[in-house]
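Structure, as structure tokens:
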Amino acid sequence: MYGIDVLMKEHEQILRFTGIIRRYLVKALEGEVLFQDEVLPMIEFIRNYSDAHHHGKEEDILFRYMLADLGPVAEKIVRQGMFAEHDQARNIVRNLDEAWQVWEADPTDEHLLDVFGLMYNYAFLLEAHAERENAVVYPFAERNLSPERLEAVDRETKAFETEHAARRENYLKELDRWEGLLENKKA
């Protein structure tokens with residue numbers, strides 16, 4: 001099923017990103033704080049790829065049909081689970097943005113620790129979130145949505161992907177760039 005396959009592929013990219021966050025944080029623990037110039041681009045990635053591109057597509061397409069058609073179980077899974085986690089991620093990113101601004105104004109170790117903690121918190125949440133969606137939410141949707149609804153998910157996902165292809169490619173290039181920066185630091 002195209003729509004869900006796209007969402008799962010995006011999870012792979014988001015997990016690449018959380019791996020990049022973890023690798024940057026490990027470098028910091030080793031005394032090499034090398035990502036100061038990357039925090040704002042990372043926040044932008046989260047807001048525009050992970051959230052607007054990926055979570056937006058889930059919320060506006062797949063979850064909308066699940067809520068319309070699949071009753072109390074979908075209501076619980078989507079509203080109390082996935083929407084709550086999306087909001088939790090957005091809150092972490094708001095706090096990360098604020099913590100970064102505080103650190104820029106007063107670059108103390110304590111303020112940098114807030115940035116590191118929020119970055120780790122985001123990575124930890126999104127890794128578990130992607131696993132829950134892949135293992136529970138998407139299979140539930142595939143088993144229970146009607147063929148017509150699944151076709152609508154595919155059709156709307158294709159339209160979304162076409163409209164936002166440039167944004168997607170831009171952020172996938174950012175992942176490659178970050179991985180390249182990390183590889184160059186190994187040498």
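Following the order of the structure tokens, first chain is A, next is B, and so on, with residues numbered from 1 inside each chain and ligands from 1 in the order they appear.
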Neighbour list for A:Leu145 as a ChimeraX atom specification, cut-off 9 Å, only C-alpha atoms, skip fewer than 4 positions in-chain: /A:65-66,69-70,140-141,149-150
Writing out the chosen residues with C-alpha atoms as a PDB file, in the first residue's frame:
ATOM      1  CA  TYR A  65      -9.750   8.273   7.734  1.00  0.00           C
ATOM      2  CA  MET A  66      -9.021   6.102  10.737  1.00  0.00           C
ATOM      3  CA  ASP A  69     -14.220   4.982  10.022  1.00  0.00           C
ATOM      4  CA  LEU A  70     -12.696   2.861  12.766  1.00  0.00           C
ATOM      5  CA  PHE A 140      -4.320  -1.741  12.196  1.00  0.00           C
ATOM      6  CA  ALA A 141      -5.185   0.765   9.470  1.00  0.00           C
ATOM      7  CA  ARG A 149     -10.353   4.338   2.031  1.00  0.00           C
ATOM      8  CA  LEU A 150      -6.952   2.729   1.470  1.00  0.00           C
TER       9      LEU A 150
END
Which residues of stretch 25-117 of chain A come within 9 Å of stretch 7-10 of chain A, and what is each one's closest atom pair and distance in Å (one decimal), counting only C-alpha atoms, sorted by chain and residue number, as a Markdown table?
| residue | atom | partner | partner_atom | distance |
| --- | --- | --- | --- | --- |
| A:Tyr49 | CA | A:Glu10 | CA | 9.0 |
| A:Ser50 | CA | A:Glu10 | CA | 8.2 |
| A:His54 | CA | A:Glu10 | CA | 6.8 |
| A:His55 | CA | A:Leu7 | CA | 9.0 |
| A:Lys57 | CA | A:Leu7 | CA | 8.3 |
| A:Glu58 | CA | A:Leu7 | CA | 7.7 |
For the residues in the current selection, export N, CA and C atoms as a PDB file, in the first residue's frame.
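Ended up saving to result_13.pdb:
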ATOM      1  N   TYR A  49      10.347  18.619   8.141  1.00  0.00           N
ATOM      2  CA  TYR A  49      10.302  17.259   7.592  1.00  0.00           C
ATOM      3  C   TYR A  49       9.555  16.325   8.541  1.00  0.00           C
ATOM      4  N   SER A  50      10.084  16.146   9.735  1.00  0.00           N
ATOM      5  CA  SER A  50       9.449  15.208  10.672  1.00  0.00           C
ATOM      6  C   SER A  50       8.017  15.607  10.994  1.00  0.00           C
ATOM      7  N   HIS A  54       5.927  14.745   7.496  1.00  0.00           N
ATOM      8  CA  HIS A  54       5.530  13.392   7.897  1.00  0.00           C
ATOM      9  C   HIS A  54       4.296  13.382   8.812  1.00  0.00           C
ATOM     10  N   HIS A  55       4.390  14.029   9.962  1.00  0.00           N
ATOM     11  CA  HIS A  55       3.244  14.019  10.881  1.00  0.00           C
ATOM     12  C   HIS A  55       2.027  14.700  10.264  1.00  0.00           C
ATOM     13  N   LYS A  57       1.168  14.648   7.152  1.00  0.00           N
ATOM     14  CA  LYS A  57       0.558  13.684   6.233  1.00  0.00           C
ATOM     15  C   LYS A  57      -0.217  12.619   7.017  1.00  0.00           C
ATOM     16  N   GLU A  58       0.363  12.154   8.114  1.00  0.00           N
ATOM     17  CA  GLU A  58      -0.367  11.185   8.944  1.00  0.00           C
ATOM     18  C   GLU A  58      -1.682  11.787   9.439  1.00  0.00           C
TER      19      GLU A  58
END
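When only C-alpha atoms are used to compute distances to A:Ala68, the closest of the residues A:Ser146, A:Glu131, A:Phe35, A:Gln101 turns out to be A:Ser146.
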Write out as a tab-separated table a residue-level contact list of stretch 10-39 of chain A versus stretch 104-120 of chain A with cut-off 8 Å: for each qualifying residue the closest pair of atoms and the distance in Å to one decimal, counting only C-alpha atoms, rows sorted by chain and residue number upward.
residue	atom	partner	partner_atom	distance
A:Ile21	CA	A:Met119	CA	6.9
A:Arg22	CA	A:Tyr120	CA	6.9
A:Leu25	CA	A:Phe116	CA	6.8
Quick one: pick out all alpha helix (DSSP H) residues within stretch 9-54 of chain A from a backbone DSSP run and write them as a list in words. Lys9, Glu10, His11, Glu12, Gln13, Ile14, Leu15, Arg16, Phe17, Thr18, Gly19, Ile20, Ile21, Arg22, Arg23, Tyr24, Leu25, Val26, Lys27, Ala28, Leu29, Val39, Leu40, Pro41, Met42, Ile43, Glu44 and Phe45 of chain A
What separation in Å, quoted to one decimal, exists between atom CA of A:Leu67 and atom CA of A:Gly81? 12.5 Å
